Every structure is written in C-alpha cells, then in structure tokens.
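So this one's final03.pdb, PDB, C-alpha atoms:
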```pdb
ATOM      1  CA  MET A   1       3.574 -30.225  31.148
ATOM      2  CA  SER A   2       2.526 -33.339  29.291
ATOM      3  CA  ALA A   3       4.280 -34.559  26.184
ATOM      4  CA  ARG A   4       1.056 -33.955  24.315
ATOM      5  CA  LEU A   5       1.004 -30.281  25.221
ATOM      6  CA  LEU A   6       4.588 -29.897  24.085
ATOM      7  CA  ALA A   7       4.013 -31.630  20.793
ATOM      8  CA  GLY A   8       1.986 -28.770  19.276
ATOM      9  CA  PRO A   9       4.599 -26.027  19.548
ATOM     10  CA  ILE A  10       7.416 -28.398  18.591
ATOM     11  CA  LEU A  11       5.566 -29.527  15.486
ATOM     12  CA  ALA A  12       4.680 -25.929  14.612
ATOM     13  CA  PHE A  13       8.332 -24.912  15.025
ATOM     14  CA  ALA A  14       9.466 -27.822  12.881
ATOM     15  CA  ALA A  15       6.938 -26.891  10.186
ATOM     16  CA  GLY A  16       8.122 -23.271  10.266
ATOM     17  CA  ALA A  17      11.752 -24.320   9.939
ATOM     18  CA  ALA A  18      10.843 -26.559   7.004
ATOM     19  CA  VAL A  19       9.116 -23.657   5.239
ATOM     20  CA  ALA A  20      12.068 -21.333   5.860
ATOM     21  CA  ALA A  21      14.372 -23.885   4.302
ATOM     22  CA  THR A  22      12.059 -24.349   1.309
ATOM     23  CA  LYS A  23      12.869 -22.547  -1.866
ATOM     24  CA  GLY A  24      10.380 -19.796  -2.592
ATOM     25  CA  ASP A  25       8.220 -19.653  -5.690
ATOM     26  CA  PRO A  26       8.859 -16.396  -7.615
ATOM     27  CA  LYS A  27       5.521 -16.613  -9.431
ATOM     28  CA  ALA A  28       3.601 -16.749  -6.157
ATOM     29  CA  GLY A  29       5.926 -14.046  -4.863
ATOM     30  CA  GLU A  30       4.995 -11.709  -7.700
ATOM     31  CA  GLU A  31       1.391 -11.701  -6.477
ATOM     32  CA  ILE A  32       2.554 -11.002  -2.941
ATOM     33  CA  TYR A  33       4.736  -8.191  -4.277
ATOM     34  CA  SER A  34       1.579  -6.412  -5.479
ATOM     35  CA  ARG A  35       1.057  -5.532  -1.801
ATOM     36  CA  CYS A  36       4.393  -3.735  -1.813
ATOM     37  CA  LEU A  37       3.493  -1.725  -4.909
ATOM     38  CA  ALA A  38       1.667   0.833  -2.795
ATOM     39  CA  CYS A  39       5.018   2.253  -1.774
ATOM     40  CA  HIS A  40       7.726   0.531  -3.810
ATOM     41  CA  ALA A  41       8.739  -0.042  -7.411
ATOM     42  CA  LEU A  42      11.568  -2.074  -8.819
ATOM     43  CA  ALA A  43      13.405   0.640 -10.693
ATOM     44  CA  SER A  44      12.338   3.908  -9.060
ATOM     45  CA  ASP A  45      12.076   5.438  -5.616
ATOM     46  CA  ARG A  46       8.578   6.147  -4.387
ATOM     47  CA  VAL A  47       7.322   6.377  -0.802
ATOM     48  CA  GLY A  48       9.772   3.515  -0.306
ATOM     49  CA  PRO A  49      13.127   2.962  -2.029
ATOM     50  CA  ARG A  50      13.658   1.026  -5.248
ATOM     51  CA  HIS A  51      14.146  -2.735  -5.122
ATOM     52  CA  CYS A  52      16.527  -3.109  -8.059
ATOM     53  CA  GLY A  53      19.961  -3.699  -6.575
ATOM     54  CA  LEU A  54      18.484  -4.796  -3.260
ATOM     55  CA  PHE A  55      20.551  -7.925  -2.730
ATOM     56  CA  GLY A  56      23.976  -7.055  -1.380
ATOM     57  CA  ARG A  57      22.973  -3.456  -0.682
ATOM     58  CA  ARG A  58      23.438  -2.013   2.783
ATOM     59  CA  ALA A  59      20.163  -0.989   4.472
ATOM     60  CA  GLY A  60      19.357   2.703   4.145
ATOM     61  CA  SER A  61      21.864   3.338   1.369
ATOM     62  CA  VAL A  62      19.969   4.201  -1.836
ATOM     63  CA  LYS A  63      21.447   7.514  -2.897
ATOM     64  CA  GLY A  64      19.020  10.420  -2.705
ATOM     65  CA  PHE A  65      16.316   8.481  -0.883
ATOM     66  CA  GLU A  66      15.166  10.001   2.394
ATOM     67  CA  TYR A  67      15.333   7.198   4.967
ATOM     68  CA  SER A  68      14.320   7.319   8.594
ATOM     69  CA  ASP A  69      17.208   7.707  11.036
ATOM     70  CA  ALA A  70      16.370   4.232  12.315
ATOM     71  CA  MET A  71      16.902   2.653   8.902
ATOM     72  CA  LYS A  72      20.122   4.605   8.351
ATOM     73  CA  ARG A  73      21.397   3.154  11.607
ATOM     74  CA  TYR A  74      20.315  -0.402  10.749
ATOM     75  CA  LYS A  75      23.620  -1.904   9.736
ATOM     76  CA  VAL A  76      22.730  -4.965   7.742
ATOM     77  CA  VAL A  77      23.284  -5.967   4.157
ATOM     78  CA  TRP A  78      20.126  -7.208   2.459
ATOM     79  CA  ASN A  79      20.155 -10.890   1.608
ATOM     80  CA  GLU A  80      17.640 -13.722   1.874
ATOM     81  CA  LYS A  81      18.196 -14.112   5.602
ATOM     82  CA  THR A  82      18.126 -10.424   6.586
ATOM     83  CA  LEU A  83      15.093  -9.767   4.386
ATOM     84  CA  ASP A  84      13.247 -12.726   5.875
ATOM     85  CA  HIS A  85      13.928 -11.381   9.373
ATOM     86  CA  PHE A  86      12.940  -7.791   8.532
ATOM     87  CA  LEU A  87       9.845  -8.553   6.475
ATOM     88  CA  ALA A  88       8.323 -10.683   9.233
ATOM     89  CA  ASN A  89       7.798  -7.561  11.352
ATOM     90  CA  PRO A  90       9.530  -4.411  10.078
ATOM     91  CA  LEU A  91       8.655  -2.165  13.004
ATOM     92  CA  LYS A  92       9.799  -4.686  15.576
ATOM     93  CA  VAL A  93      13.105  -5.288  13.787
ATOM     94  CA  VAL A  94      13.746  -1.599  13.041
ATOM     95  CA  PRO A  95      11.714   0.515  15.479
ATOM     96  CA  GLY A  96      11.288   3.934  13.929
ATOM     97  CA  THR A  97      11.357   2.783  10.313
ATOM     98  CA  ASN A  98       9.012   4.597   7.963
ATOM     99  CA  MET A  99       7.919   1.223   6.615
ATOM    100  CA  THR A 100       4.835   1.291   8.782
ATOM    101  CA  TYR A 101       3.541  -2.066   7.671
ATOM    102  CA  ALA A 102       2.656  -4.997   9.904
ATOM    103  CA  GLY A 103       4.787  -7.332   7.814
ATOM    104  CA  VAL A 104       4.446 -10.645   6.056
ATOM    105  CA  SER A 105       3.921 -13.073   8.896
ATOM    106  CA  ASP A 106       3.662 -16.262   6.829
ATOM    107  CA  PRO A 107       7.165 -17.756   6.293
ATOM    108  CA  ARG A 108       6.040 -19.356   3.029
ATOM    109  CA  GLU A 109       4.831 -16.003   1.680
ATOM    110  CA  ARG A 110       8.104 -14.373   2.713
ATOM    111  CA  ALA A 111      10.098 -17.081   0.938
ATOM    112  CA  ASP A 112       8.003 -16.584  -2.207
ATOM    113  CA  LEU A 113       8.332 -12.806  -2.028
ATOM    114  CA  ILE A 114      12.106 -12.957  -1.580
ATOM    115  CA  ALA A 115      12.359 -15.442  -4.465
ATOM    116  CA  TYR A 116      10.441 -12.979  -6.654
ATOM    117  CA  LEU A 117      12.609 -10.044  -5.607
ATOM    118  CA  LYS A 118      15.700 -12.076  -6.389
ATOM    119  CA  GLU A 119      14.391 -13.023  -9.819
ATOM    120  CA  ALA A 120      13.232  -9.462 -10.530
ATOM    121  CA  ASN A 121      16.693  -8.158  -9.650
ATOM    122  CA  GLY A 122      18.029 -10.091 -12.601
ATOM    123  CA  SER A 123      15.318  -8.810 -14.943
ATOM    124  CA  ALA A 124      15.802  -6.395 -17.832
ATOM    125  CA  GLU A 125      14.072  -3.669 -15.813
ATOM    126  CA  CYS A 126      16.761  -3.897 -13.146
ATOM    127  CA  ARG A 127      19.659  -4.312 -15.551
ATOM    128  CA  LYS A 128      18.957  -0.976 -17.295
TER     129      LYS A 128
ATOM    130  CA  MET B   1     -32.576   0.355 -15.643
ATOM    131  CA  SER B   2     -30.936  -2.147 -13.313
ATOM    132  CA  LEU B   3     -27.403  -3.432 -13.776
ATOM    133  CA  PHE B   4     -28.952  -6.882 -14.166
ATOM    134  CA  ASP B   5     -31.018  -5.809 -17.197
ATOM    135  CA  ILE B   6     -28.096  -4.658 -19.300
ATOM    136  CA  PRO B   7     -27.647  -6.606 -22.529
ATOM    137  CA  THR B   8     -23.831  -6.606 -22.707
ATOM    138  CA  PRO B   9     -20.997  -6.477 -20.153
ATOM    139  CA  ALA B  10     -19.695  -3.313 -21.817
ATOM    140  CA  ALA B  11     -23.049  -1.571 -21.381
ATOM    141  CA  ALA B  12     -23.207  -2.741 -17.782
ATOM    142  CA  ARG B  13     -19.759  -1.315 -17.169
ATOM    143  CA  ARG B  14     -20.795   2.003 -18.680
ATOM    144  CA  LEU B  15     -23.859   2.221 -16.460
ATOM    145  CA  PHE B  16     -21.918   1.082 -13.414
ATOM    146  CA  LEU B  17     -19.239   3.689 -14.034
ATOM    147  CA  ALA B  18     -21.771   6.423 -14.659
ATOM    148  CA  ARG B  19     -23.512   5.650 -11.398
ATOM    149  CA  SER B  20     -20.391   5.210  -9.310
ATOM    150  CA  GLY B  21     -19.158   8.599 -10.452
ATOM    151  CA  GLY B  22     -21.650   9.978  -7.964
ATOM    152  CA  LEU B  23     -20.316   8.006  -5.025
ATOM    153  CA  VAL B  24     -19.339  10.183  -2.125
ATOM    154  CA  LEU B  25     -17.877   8.919   1.130
ATOM    155  CA  SER B  26     -19.806   9.810   4.233
ATOM    156  CA  GLY B  27     -18.164  12.295   6.528
ATOM    157  CA  ALA B  28     -17.567   9.552   9.107
ATOM    158  CA  ALA B  29     -13.802   9.538   8.798
ATOM    159  CA  VAL B  30     -13.630  13.294   8.943
ATOM    160  CA  ALA B  31     -15.799  13.330  12.031
ATOM    161  CA  LEU B  32     -13.620  10.633  13.535
ATOM    162  CA  LEU B  33     -10.488  12.686  13.418
ATOM    163  CA  ALA B  34     -10.999  16.306  12.562
ATOM    164  CA  GLY B  35     -13.531  16.705  15.336
ATOM    165  CA  ASN B  36     -11.721  14.517  17.805
ATOM    166  CA  ASP B  37     -10.043  16.917  20.159
ATOM    167  CA  ALA B  38      -9.142  14.028  22.440
ATOM    168  CA  LEU B  39      -6.374  13.321  19.934
ATOM    169  CA  ALA B  40      -4.675  16.552  20.863
ATOM    170  CA  ALA B  41      -4.515  15.406  24.460
ATOM    171  CA  THR B  42      -2.632  12.263  23.490
ATOM    172  CA  LYS B  43       0.233  13.981  21.716
ATOM    173  CA  GLY B  44       3.790  13.563  22.840
ATOM    174  CA  GLY B  45       3.891   9.892  23.821
ATOM    175  CA  LYS B  46       5.944   7.115  22.271
ATOM    176  CA  SER B  47       2.891   5.532  20.677
ATOM    177  CA  THR B  48       1.838   8.943  19.327
ATOM    178  CA  ALA B  49       5.190   9.295  17.581
ATOM    179  CA  GLY B  50       4.594   5.894  16.017
ATOM    180  CA  ASP B  51       1.092   6.888  14.958
ATOM    181  CA  VAL B  52       2.404  10.092  13.379
ATOM    182  CA  ARG B  53       4.952   8.037  11.430
ATOM    183  CA  ILE B  54       2.200   5.738  10.118
ATOM    184  CA  LEU B  55       0.004   8.706   9.191
ATOM    185  CA  ASN B  56       2.895  10.393   7.400
ATOM    186  CA  THR B  57       3.611   7.291   5.327
ATOM    187  CA  ALA B  58      -0.094   7.185   4.439
ATOM    188  CA  LEU B  59      -0.029  10.889   3.598
ATOM    189  CA  GLY B  60       2.890  10.310   1.226
ATOM    190  CA  LEU B  61       0.866   7.599  -0.478
ATOM    191  CA  GLU B  62      -2.192   9.820  -0.801
ATOM    192  CA  TYR B  63      -0.140  12.609  -2.383
ATOM    193  CA  GLU B  64       1.239  10.117  -4.868
ATOM    194  CA  GLY B  65      -2.295   8.908  -5.639
ATOM    195  CA  ILE B  66      -3.480  12.480  -6.244
ATOM    196  CA  ALA B  67      -0.566  13.065  -8.620
ATOM    197  CA  ALA B  68      -1.201   9.761 -10.416
ATOM    198  CA  TYR B  69      -4.867  10.610 -11.056
ATOM    199  CA  GLN B  70      -3.749  14.029 -12.288
ATOM    200  CA  VAL B  71      -1.468  12.318 -14.817
ATOM    201  CA  GLY B  72      -4.404  10.126 -15.875
ATOM    202  CA  ALA B  73      -6.824  13.045 -16.134
ATOM    203  CA  GLU B  74      -4.388  15.126 -18.184
ATOM    204  CA  SER B  75      -3.303  12.245 -20.408
ATOM    205  CA  GLY B  76      -6.114  12.794 -22.900
ATOM    206  CA  LEU B  77      -6.640   9.033 -22.842
ATOM    207  CA  LEU B  78      -9.675   8.957 -20.539
ATOM    208  CA  GLN B  79     -13.131   9.403 -21.973
ATOM    209  CA  LYS B  80     -16.263  10.250 -20.046
ATOM    210  CA  PRO B  81     -17.555   8.783 -17.768
ATOM    211  CA  VAL B  82     -14.174   7.262 -16.884
ATOM    212  CA  LEU B  83     -12.609  10.720 -16.715
ATOM    213  CA  ASP B  84     -15.268  11.868 -14.242
ATOM    214  CA  LEU B  85     -14.631   8.766 -12.202
ATOM    215  CA  ALA B  86     -10.902   9.468 -12.057
ATOM    216  CA  VAL B  87     -11.554  13.030 -10.924
ATOM    217  CA  THR B  88     -13.974  11.790  -8.264
ATOM    218  CA  PHE B  89     -11.454   9.284  -6.944
ATOM    219  CA  GLN B  90      -8.740  11.928  -6.974
ATOM    220  CA  GLY B  91     -11.101  14.075  -4.892
ATOM    221  CA  HIS B  92     -11.345  11.286  -2.327
ATOM    222  CA  HIS B  93      -7.562  11.066  -2.123
ATOM    223  CA  LYS B  94      -7.414  14.832  -1.627
ATOM    224  CA  GLN B  95      -9.876  14.500   1.250
ATOM    225  CA  HIS B  96      -7.802  11.678   2.763
ATOM    226  CA  ALA B  97      -4.616  13.748   2.449
ATOM    227  CA  ASP B  98      -6.237  16.790   4.016
ATOM    228  CA  LEU B  99      -7.539  14.752   6.929
ATOM    229  CA  LEU B 100      -4.224  12.962   7.465
ATOM    230  CA  SER B 101      -2.290  16.213   7.343
ATOM    231  CA  LYS B 102      -4.567  17.926   9.864
ATOM    232  CA  THR B 103      -4.467  14.905  12.158
ATOM    233  CA  ILE B 104      -0.668  14.783  12.083
ATOM    234  CA  GLN B 105      -0.592  18.449  13.062
ATOM    235  CA  LYS B 106      -3.145  17.843  15.798
ATOM    236  CA  LEU B 107      -0.860  15.164  17.187
ATOM    237  CA  GLY B 108       2.064  17.574  17.220
ATOM    238  CA  GLY B 109       3.778  16.102  14.134
ATOM    239  CA  LYS B 110       4.992  17.659  10.912
ATOM    240  CA  PRO B 111       3.140  16.444   7.824
ATOM    241  CA  VAL B 112       5.265  15.397   4.854
ATOM    242  CA  SER B 113       4.864  17.464   1.705
ATOM    243  CA  ALA B 114       3.938  16.236  -1.741
ATOM    244  CA  LYS B 115       6.972  15.593  -3.935
ATOM    245  CA  THR B 116       7.675  18.080  -6.671
ATOM    246  CA  LYS B 117       8.078  15.226  -9.132
ATOM    247  CA  TYR B 118       6.826  11.634  -9.255
ATOM    248  CA  ASP B 119       8.436   8.950 -11.349
ATOM    249  CA  PHE B 120       5.358   7.392 -12.969
ATOM    250  CA  PRO B 121       5.668   4.964 -15.889
ATOM    251  CA  VAL B 122       4.041   7.463 -18.267
ATOM    252  CA  GLN B 123       5.762   5.956 -21.309
ATOM    253  CA  THR B 124       3.675   2.799 -20.816
ATOM    254  CA  LEU B 125       0.343   4.666 -20.675
ATOM    255  CA  LYS B 126      -0.929   4.604 -24.248
ATOM    256  CA  THR B 127      -4.622   3.762 -23.881
ATOM    257  CA  GLN B 128      -7.466   4.249 -21.438
ATOM    258  CA  THR B 129      -7.032   0.632 -20.387
ATOM    259  CA  ASP B 130      -3.366   1.297 -19.534
ATOM    260  CA  VAL B 131      -4.365   4.216 -17.315
ATOM    261  CA  LEU B 132      -7.105   2.206 -15.617
ATOM    262  CA  ARG B 133      -4.711  -0.680 -14.997
ATOM    263  CA  PHE B 134      -2.107   1.694 -13.581
ATOM    264  CA  ALA B 135      -4.682   3.272 -11.269
ATOM    265  CA  ALA B 136      -6.042  -0.125 -10.227
ATOM    266  CA  GLY B 137      -2.531  -1.256  -9.276
ATOM    267  CA  LEU B 138      -2.003   1.819  -7.123
ATOM    268  CA  GLU B 139      -5.384   1.404  -5.417
ATOM    269  CA  LYS B 140      -4.715  -2.274  -4.757
ATOM    270  CA  GLY B 141      -1.361  -1.386  -3.255
ATOM    271  CA  ALA B 142      -2.974   1.314  -1.135
ATOM    272  CA  VAL B 143      -5.465  -1.208   0.234
ATOM    273  CA  SER B 144      -2.564  -3.478   1.239
ATOM    274  CA  ALA B 145      -0.689  -0.566   2.780
ATOM    275  CA  TYR B 146      -3.647   0.493   4.937
ATOM    276  CA  LEU B 147      -4.341  -3.121   5.849
ATOM    277  CA  GLY B 148      -0.752  -3.435   7.027
ATOM    278  CA  ALA B 149      -0.989  -0.177   8.951
ATOM    279  CA  VAL B 150      -4.337  -0.542  10.739
ATOM    280  CA  PRO B 151      -3.100  -3.002  13.403
ATOM    281  CA  LEU B 152      -0.073  -0.834  14.185
ATOM    282  CA  PHE B 153      -1.881   2.231  15.497
ATOM    283  CA  GLY B 154      -1.679   2.889  19.216
ATOM    284  CA  ASN B 155      -4.857   4.975  19.014
ATOM    285  CA  HIS B 156      -7.992   3.030  18.089
ATOM    286  CA  ASP B 157      -9.733   6.071  16.589
ATOM    287  CA  LEU B 158      -6.870   6.401  14.148
ATOM    288  CA  ALA B 159      -7.089   2.704  13.302
ATOM    289  CA  LYS B 160     -10.811   3.111  12.664
ATOM    290  CA  ALA B 161     -10.266   6.112  10.397
ATOM    291  CA  ALA B 162      -7.525   4.286   8.488
ATOM    292  CA  ALA B 163      -9.899   1.351   8.045
ATOM    293  CA  SER B 164     -12.483   3.786   6.670
ATOM    294  CA  ILE B 165      -9.964   5.033   4.101
ATOM    295  CA  LEU B 166      -9.059   1.407   3.311
ATOM    296  CA  GLY B 167     -12.722   0.717   2.543
ATOM    297  CA  ASP B 168     -12.899   3.686   0.181
ATOM    298  CA  GLU B 169      -9.736   2.668  -1.673
ATOM    299  CA  ALA B 170     -10.976  -0.920  -1.929
ATOM    300  CA  MET B 171     -14.110   0.448  -3.614
ATOM    301  CA  HIS B 172     -11.940   2.398  -6.050
ATOM    302  CA  TRP B 173      -9.975  -0.755  -6.832
ATOM    303  CA  ALA B 174     -13.149  -2.801  -7.378
ATOM    304  CA  ILE B 175     -14.690  -0.220  -9.706
ATOM    305  CA  LEU B 176     -11.489   0.145 -11.703
ATOM    306  CA  ARG B 177     -11.334  -3.650 -12.058
ATOM    307  CA  ASN B 178     -14.929  -3.627 -13.228
ATOM    308  CA  ALA B 179     -14.130  -0.926 -15.787
ATOM    309  CA  LEU B 180     -11.321  -3.154 -17.054
ATOM    310  CA  GLY B 181     -13.783  -6.008 -17.512
ATOM    311  CA  GLU B 182     -12.273  -7.976 -14.617
ATOM    312  CA  THR B 183     -14.120  -9.520 -11.699
ATOM    313  CA  PRO B 184     -14.636  -6.476  -9.478
ATOM    314  CA  VAL B 185     -14.107  -8.307  -6.205
ATOM    315  CA  PRO B 186     -11.811 -11.250  -6.921
ATOM    316  CA  ASP B 187     -11.584 -12.646  -3.394
ATOM    317  CA  ALA B 188     -13.402 -12.745  -0.089
ATOM    318  CA  TYR B 189     -10.447 -11.050   1.595
ATOM    319  CA  VAL B 190      -7.892  -8.418   0.696
ATOM    320  CA  SER B 191      -4.247  -8.875   1.594
TER     321      SER B 191
END
```
For this file, produce the structure as structure tokens.
Amino acid sequence: MSARLLAGPILAFAAGAAVAATKGDPKAGEEIYSRCLACHALASDRVGPRHCGLFGRRAGSVKGFEYSDAMKRYKVVWNEKTLDHFLANPLKVVPGTNMTYAGVSDPRERADLIAYLKEANGSAECRK
Amino acid sequence: MSLFDIPTPAAARRLFLARSGGLVLSGAAVALLAGNDALAATKGGKSTAGDVRILNTALGLEYEGIAAYQVGAESGLLQKPVLDLAVTFQGHHKQHADLLSKTIQKLGGKPVSAKTKYDFPVQTLKTQTDVLRFAAGLEKGAVSAYLGAVPLFGNHDLAKAAASILGDEAMHWAILRNALGETPVPDAYVS
C-alpha cells in the first residue's frame, strides 16, 4: 500500500481524535437535542428516561422506568466518555436496547450534544 | 383563491390550515404492512426481534402523540380551523398506532400499551400558540425518531412503511410551523 493511500485514513482518524478532544458547544447541542425530544425530556420519563441527573448515574437505573433487559445489564456510569461511545451507535453498543435509533455518527455533534446535556443538568429545571 | 393571492400572512395561514385540514394519507402504508402476509413468514428470527423492538418504540411514541393531541383538543385553547387540524393529525397518529400494533402482532411480538398517564407540560400551555409549539416539537422529534429508525430495520417493507409515517409526521411539523408563522420547511434535510 502506498503512503498516499494510507494518508487518507490516518488524516481522517487524526481529525476525528481532534474533534473528540474539542470541547462541545452547548448551544449547538441544544438544537441537536431536539432530535431526542421525540422520546426524552429533561425532567420527566417518557418513551425514554429523563436526562436530569444523567451524569454519574448508572445505566438503566432511573427508578420506576421500564428499561430493556439489555440496558439493565449494561454496567456503565454515564459520563462524557461513556455517552460519546453509546450515542455513536446505541444498538451496536447495547444490543437489545429499546433506544432504537441509529445514533449520532458525527463526533462534533456528539460533543455538542453532551455539552448541552451537561449544561442542562445544572439548569433550574434539573435542580427542582 | 390561491395561497399566493392572500393579502396578509395571517390570512394565508388561515387558508392553508383550512385546506390542510382535509389532508388524508393514502392507504399506501396500510397496504404495505397490513396486507403483507409475507411478514408473518419472517417471524421468529433475530432481525425480526429487532424489528419488533423498533416498532414497539415507535408505537409508544404514537400513543404519546395521540394523548398529546387529546390534551390540546381538550384544552379549550384551540380555535377552528386549528382544532380540526389537531383532530385530523391525531387521527393520523391513531392510524399509525393501529398499523404498528397489528404489524407487531403479525411478527409474533407483543405490542406495548398506551400509558395510563403522560407527564405533559400542561402548566406551560396557556395559549393556542403554546399548544401549537408543543405539538410542533413533538412532531419534529417524531421525524427524527423515525429517521433514526428507518436504517435499522432488517425488513425493507418495514423500513418503507416507517419512511411513509416519517413523511406524514414531517408534513404535520411543517403545517404546525406555518400556523406559528414560521418558515414551514426550514431546511432541505431533516435530521
């Protein structure tokens, strides 16, 4: 394989890593969050569980919410890194999850979305 | 009178709403699934279980949409023709739910039930505009949800039917935006 052929994937990987390391923009993330509003809300459980209290919460642990068995078995604590991994492709990361959504494939969009969720978790709506 | 001959945006919106109240989806989606006995033959596989899970999530969404329009219709805040529009859109969601439920059963799955209670932000709904904005947000979210679900189906007929529902909900969203005085179709793509 020529060096030229290798350069593309290496550059793409480097660009992806740079985006992942970039701080997300909560304002842009709020717009992306509108996609999530089909099933989720910050302060109440809907088709999906509430997002207030997300950071530091164990997956599948909102009291009274009916999770899939797969999500109950998914033993991670939600933080920037675990959310980034899950949101990229929910069904691949947790096969059997009820979050039947293809995911947010763009690392920049994920960073923005996570930044928004983090900011929203400190909002008055979540502090009630 | 054409929409282009209307003197004011408000009058145009009224005419647009009055006309769109008569919109009815073709029976294409129903024919796609309800009459597709080949679906029954596919039940039991791993991809079928995945498809049932996707359909059940969609069914949960449709039930929530039906309940949300009911809240709007009973709020006393909607005037005609907006009220008629809300009832028409609710009717579409009922058709979607019925189709999804029957398809899940056809695939050997158990359809989810509607919740007995939904936690809607009713305290924030004080005007017709509030109700329209609430409904528009739900429809926009539904479009995103179907868009995120379509590529996941193992069965292409199901993907096609879900895309048909997506199109209907995108129309709802556009008309609600128009009723709010916003650009009905803000972008070339939905996300």
Report task. Return as a PyMOL selection string the set of residues that the PyMOL selection byres ((chain A) within 9 of (chain B)) yields on the displayed structure. Result -> chain A and resi 32+34-39+44-47+91+95-104
How would the residues just chosen look if you wrote them out with C-alpha atoms as a compact mmCIF listing (two decimals), in the coordinates of the input?
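Generated file (out19.txt):
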```
# COMPACT_ATOMS: atom_id res chain seq x y z
CA ILE A 32 2.55 -11.00 -2.94
CA SER A 34 1.58 -6.41 -5.48
CA ARG A 35 1.06 -5.53 -1.80
CA CYS A 36 4.39 -3.74 -1.81
CA LEU A 37 3.49 -1.72 -4.91
CA ALA A 38 1.67 0.83 -2.80
CA CYS A 39 5.02 2.25 -1.77
CA SER A 44 12.34 3.91 -9.06
CA ASP A 45 12.08 5.44 -5.62
CA ARG A 46 8.58 6.15 -4.39
CA VAL A 47 7.32 6.38 -0.80
CA LEU A 91 8.65 -2.16 13.00
CA PRO A 95 11.71 0.52 15.48
CA GLY A 96 11.29 3.93 13.93
CA THR A 97 11.36 2.78 10.31
CA ASN A 98 9.01 4.60 7.96
CA MET A 99 7.92 1.22 6.62
CA THR A 100 4.84 1.29 8.78
CA TYR A 101 3.54 -2.07 7.67
CA ALA A 102 2.66 -5.00 9.90
CA GLY A 103 4.79 -7.33 7.81
CA VAL A 104 4.45 -10.64 6.06
```
Tell me which protein, DNA and RNA residues are within 6 Å of range 97-104 of chain B, counting all atoms listed in the file, leaving out same-chain ones fewer than 3 positions away, and put them as a PDB file with C-alpha atoms, keeping the file's coordinate frame.
```
ATOM      1  CA  VAL B  52       2.404  10.092  13.379  1.00  0.00           C
ATOM      2  CA  LEU B  59      -0.029  10.889   3.598  1.00  0.00           C
ATOM      3  CA  GLU B  62      -2.192   9.820  -0.801  1.00  0.00           C
ATOM      4  CA  LYS B  94      -7.414  14.832  -1.627  1.00  0.00           C
ATOM      5  CA  LEU B 107      -0.860  15.164  17.187  1.00  0.00           C
ATOM      6  CA  GLY B 109       3.778  16.102  14.134  1.00  0.00           C
ATOM      7  CA  PRO B 111       3.140  16.444   7.824  1.00  0.00           C
TER       8      PRO B 111
END
```
Requested in this report: For Ser75 in chain B, work out the shell of residues within 9 Å, counting all atoms listed in the file and skipping chain neighbours fewer than 6 positions away, then give it as number ranges by chain.
Outcome: B: 125-126, 131
Written selection (C-alpha atoms) as an mmCIF file, keeping the file's coordinate frame:
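Written output follows (result13.cif):
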```cif
data_model
loop_
_atom_site.group_PDB
_atom_site.id
_atom_site.type_symbol
_atom_site.label_atom_id
_atom_site.label_comp_id
_atom_site.auth_asym_id
_atom_site.auth_seq_id
_atom_site.Cartn_x
_atom_site.Cartn_y
_atom_site.Cartn_z
ATOM 1 C CA LEU B 125 0.343 4.666 -20.675
ATOM 2 C CA LYS B 126 -0.929 4.604 -24.248
ATOM 3 C CA VAL B 131 -4.365 4.216 -17.315
#
```
Query raised in the report: A:Ser68, A:Ser61, A:Ser123, A:Asn89: which is nearest Ser105 in chain A, counting all atoms listed in the file?
Result: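 Using all atoms listed in the file, the shortest distance to Ser105 in chain A belongs to A:Asn89.
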Query raised in the report: Could you state the separation of CA of Glu119 in chain A and CA of Met71 in chain A in Å, given to one decimal place?
Result: 24.5 Å
**Report entry** Nearby residues (only C-alpha atoms) at most 10 Å from Cys52 in chain A, same-chain spacing under 5 positions excluded, as an NGL selection string
**Finding:** :A and (41-45 or 57 or 117-118 or 120-123 or 125-128)
Report task. Using CA of Asp112 in chain A and CA of Arg58 in chain A as the two end points, give the distance in Å to one decimal. Result ->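 One can read the CA of Asp112 in chain A to CA of Arg58 in chain A distance as 21.8 Å.
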Report task. Can you give me, as a ChimeraX atom specification, the residues this file yields under the PyMOL selection byres ((chain B and resi 171) around 10)? Result -> /B:20,23,89,139-140,143,165-170,172-177,184-185
The PyMOL selection byres ((chain B and resi 73) around 10) applied to the shown file, residues as an mmCIF file with C-alpha atoms, in the coordinates of the input:
```
data_model
loop_
_atom_site.group_PDB
_atom_site.id
_atom_site.type_symbol
_atom_site.label_atom_id
_atom_site.label_comp_id
_atom_site.auth_asym_id
_atom_site.auth_seq_id
_atom_site.Cartn_x
_atom_site.Cartn_y
_atom_site.Cartn_z
ATOM 1 C CA ALA B 67 -0.566 13.065 -8.620
ATOM 2 C CA ALA B 68 -1.201 9.761 -10.416
ATOM 3 C CA TYR B 69 -4.867 10.610 -11.056
ATOM 4 C CA GLN B 70 -3.749 14.029 -12.288
ATOM 5 C CA VAL B 71 -1.468 12.318 -14.817
ATOM 6 C CA GLY B 72 -4.404 10.126 -15.875
ATOM 7 C CA GLU B 74 -4.388 15.126 -18.184
ATOM 8 C CA SER B 75 -3.303 12.245 -20.408
ATOM 9 C CA GLY B 76 -6.114 12.794 -22.900
ATOM 10 C CA LEU B 77 -6.640 9.033 -22.842
ATOM 11 C CA LEU B 78 -9.675 8.957 -20.539
ATOM 12 C CA GLN B 79 -13.131 9.403 -21.973
ATOM 13 C CA VAL B 82 -14.174 7.262 -16.884
ATOM 14 C CA LEU B 83 -12.609 10.720 -16.715
ATOM 15 C CA ASP B 84 -15.268 11.868 -14.242
ATOM 16 C CA LEU B 85 -14.631 8.766 -12.202
ATOM 17 C CA ALA B 86 -10.902 9.468 -12.057
ATOM 18 C CA VAL B 87 -11.554 13.030 -10.924
ATOM 19 C CA GLN B 90 -8.740 11.928 -6.974
ATOM 20 C CA VAL B 131 -4.365 4.216 -17.315
#
```
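The interatomic distance for the pair CA of Pro49 in chain A and CA of Ala111 in chain A works out to 20.5 Å.
Of the residues under consideration (A:Lys23, A:Lys72, A:Lys81, A:Lys92), A:Lys81 shows the shortest atom-to-atom contact distance to Gly56 in chain A when counting only C-alpha atoms.
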Mind giving me the axis-aligned box for range 39-47 of chain A with 6 Å on every side, centre plus edges in Å to one decimal, as lines of an AutoDock Vina configuration file?
```
center_x = 9.2
center_y = 2.2
center_z = -5.7
size_x = 20.4
size_y = 20.5
size_z = 21.9
```
